[in-house]
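A.B. asks: Handing you this structure, nothing more for now.
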Amino acid sequence: MTKTGSKVAVIGAGSWGTALAIHLARAGCSVGLWAREPEVVAGVRNTRRNPLFLSEFELPVAIEVGDDLGAACRDAETVLFAVPVQFSRSVLRELRDGFSAGATFVSASKGIELASLQRMDEIVAHELALPEQRFVALSGPSFAREVAQGLPSAAVLAGKDAERVADVQRRFSTPGFRFYGSDDIVGVELAGALKNVIAIAAGIATGLGLGHNALAALMTRGLHEIARLGVRLGGHEETFRGLAGMGDLVLTCTGALSRNRSVGERLGRGERLADVLSGREVAEGVPTARAAAELARRHDVEMPVIAAVEAMLDGRMTPREAVVALMTRELKREAAL
């Protein structure tokens, strides 16, 4: 299968979906971009720009935008899903009839559904009755704006069918965006979801002015927590040292374009959560913090940083109280997991 002429349906025209659509058009794919917002559809058709997200970028003519899921997915070999996890079920239910037999489902959504504590592979399997072999998770250190710019990036594609993963790799990869293959769906999905929670904590530390030492310690211990829960739930330890784990964590905790880090920084400066979350951009780490903390309790996994973020978001602890609680925990040896 060659890149040229390959059709990909991109579901979701937020910043991430728009950036991926631009990239795939550059890769030689024909792209059907689905947007729920009428103003996005009208804007792209009239000006070749998304008026709500990444509006400074012109969308290539290979991208056809619309609000009809069936039309976007018709004849698509791959459906790339970029809808925020907490809103994914309703869109997946609309997608049932338009999802063609044999198509590969690639999830670029990062998070854990709060209501069910499920990952995207579990949600998709339930809503689309999708065989595990047709699901691929896409995750890694890749800010939407930089992908849209064509700056060098790398990410991971994880799936159980090695041939299917390799095919998506060939069609999605370009000299500007390189994809690596993996068979660890659980690890890649959990790494992509949980790093957003640690990024909120990193932002809080920055907002409080705690310095680089604290940020480095927080990221390191946060990675331990992510790996600890990930391995308990079936992920591979090495995944958390790779692009989807450490790579994405470093980017999201330190990069100025990180929405979750920005949320934490504003909280650290004393702003109210409701004010911080106003606007169109979604911070997946907020609901995922609560979902991850509940998963940790259910599986008896110690995750003090994530528990502290949950307590701050719920108003049970101030940022400074959380710092004191973390710094005065019982002293112990550093362990791999």
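Every chain in the structure tokens has a letter given in the order shown (A, B, ...), and although residue numbers restart at 1 in each chain, ligands are simply numbered from 1 in the order shown.
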Which residues come within 7 Å of Phe179 of chain A, counting only C-alpha atoms, excluding same-chain residues fewer than 5 positions away, as a list in words?
C.D. replies: Ala154, Ala155, Val156, Leu157, Gln169 and Ser173 of chain A
A.B. asks: Taking the chain letters and numbering used in this document, name the residues of segment 143-303 of chain A that DSSP puts in strand (DSSP E), as a ChimeraX atom specification.
C.D. replies: /A:153-159,177-182
A.B. asks: Compile the contact shell of Leu218 of chain A as a PyMOL selection string: residues with an atom at most 12 Å away, counting only C-alpha atoms, same-chain residues fewer than 5 positions apart removed.
C.D. replies: chain A and resi 195+197-206+210-213+223-225+249-250+253-254+304-306+308-309+323+326-327
A.B. asks: List as a PyMOL selection string the protein and nucleic acid residues near Arg164 of chain A, meaning an atom at most 12 Å away when only C-alpha atoms are counted, but skip any in the same chain fewer than 4 places from it.
C.D. replies: chain A and resi 1+77-78+102-106+132-137+157-160+168-171+181-183
A.B. asks: Produce a file of the selected residues containing C-alpha atoms, as a CSV table (one decimal), in the first residue's frame.
C.D. replies:
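The resulting file, result-v7.csv, is shown below:
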chain,number,residue,atom,x,y,z
A,1,MET,CA,0.0,0.0,0.0
A,77,GLU,CA,-8.6,3.0,5.1
A,78,THR,CA,-7.8,4.6,8.4
A,102,GLY,CA,-11.5,-3.6,7.7
A,103,ALA,CA,-10.6,0.0,8.4
A,104,THR,CA,-7.9,0.7,11.0
A,105,PHE,CA,-8.9,2.9,14.0
A,106,VAL,CA,-6.0,5.1,15.2
A,132,GLU,CA,-8.4,-5.6,19.2
A,133,GLN,CA,-6.2,-6.1,16.0
A,134,ARG,CA,-7.8,-3.1,14.3
A,135,PHE,CA,-7.0,-0.6,17.1
A,136,VAL,CA,-3.8,1.5,17.1
A,137,ALA,CA,-2.9,4.1,19.8
A,157,LEU,CA,2.0,3.8,17.2
A,158,ALA,CA,1.0,0.8,19.4
A,159,GLY,CA,-1.2,-2.1,18.2
A,160,LYS,CA,-1.5,-5.8,18.4
A,168,VAL,CA,0.2,2.9,9.4
A,169,GLN,CA,3.9,3.8,10.1
A,170,ARG,CA,4.7,3.8,6.4
A,171,ARG,CA,1.7,6.0,5.5
A,181,GLY,CA,6.0,0.9,16.3
A,182,SER,CA,5.0,-0.9,19.6
A,183,ASP,CA,2.7,-3.7,20.7
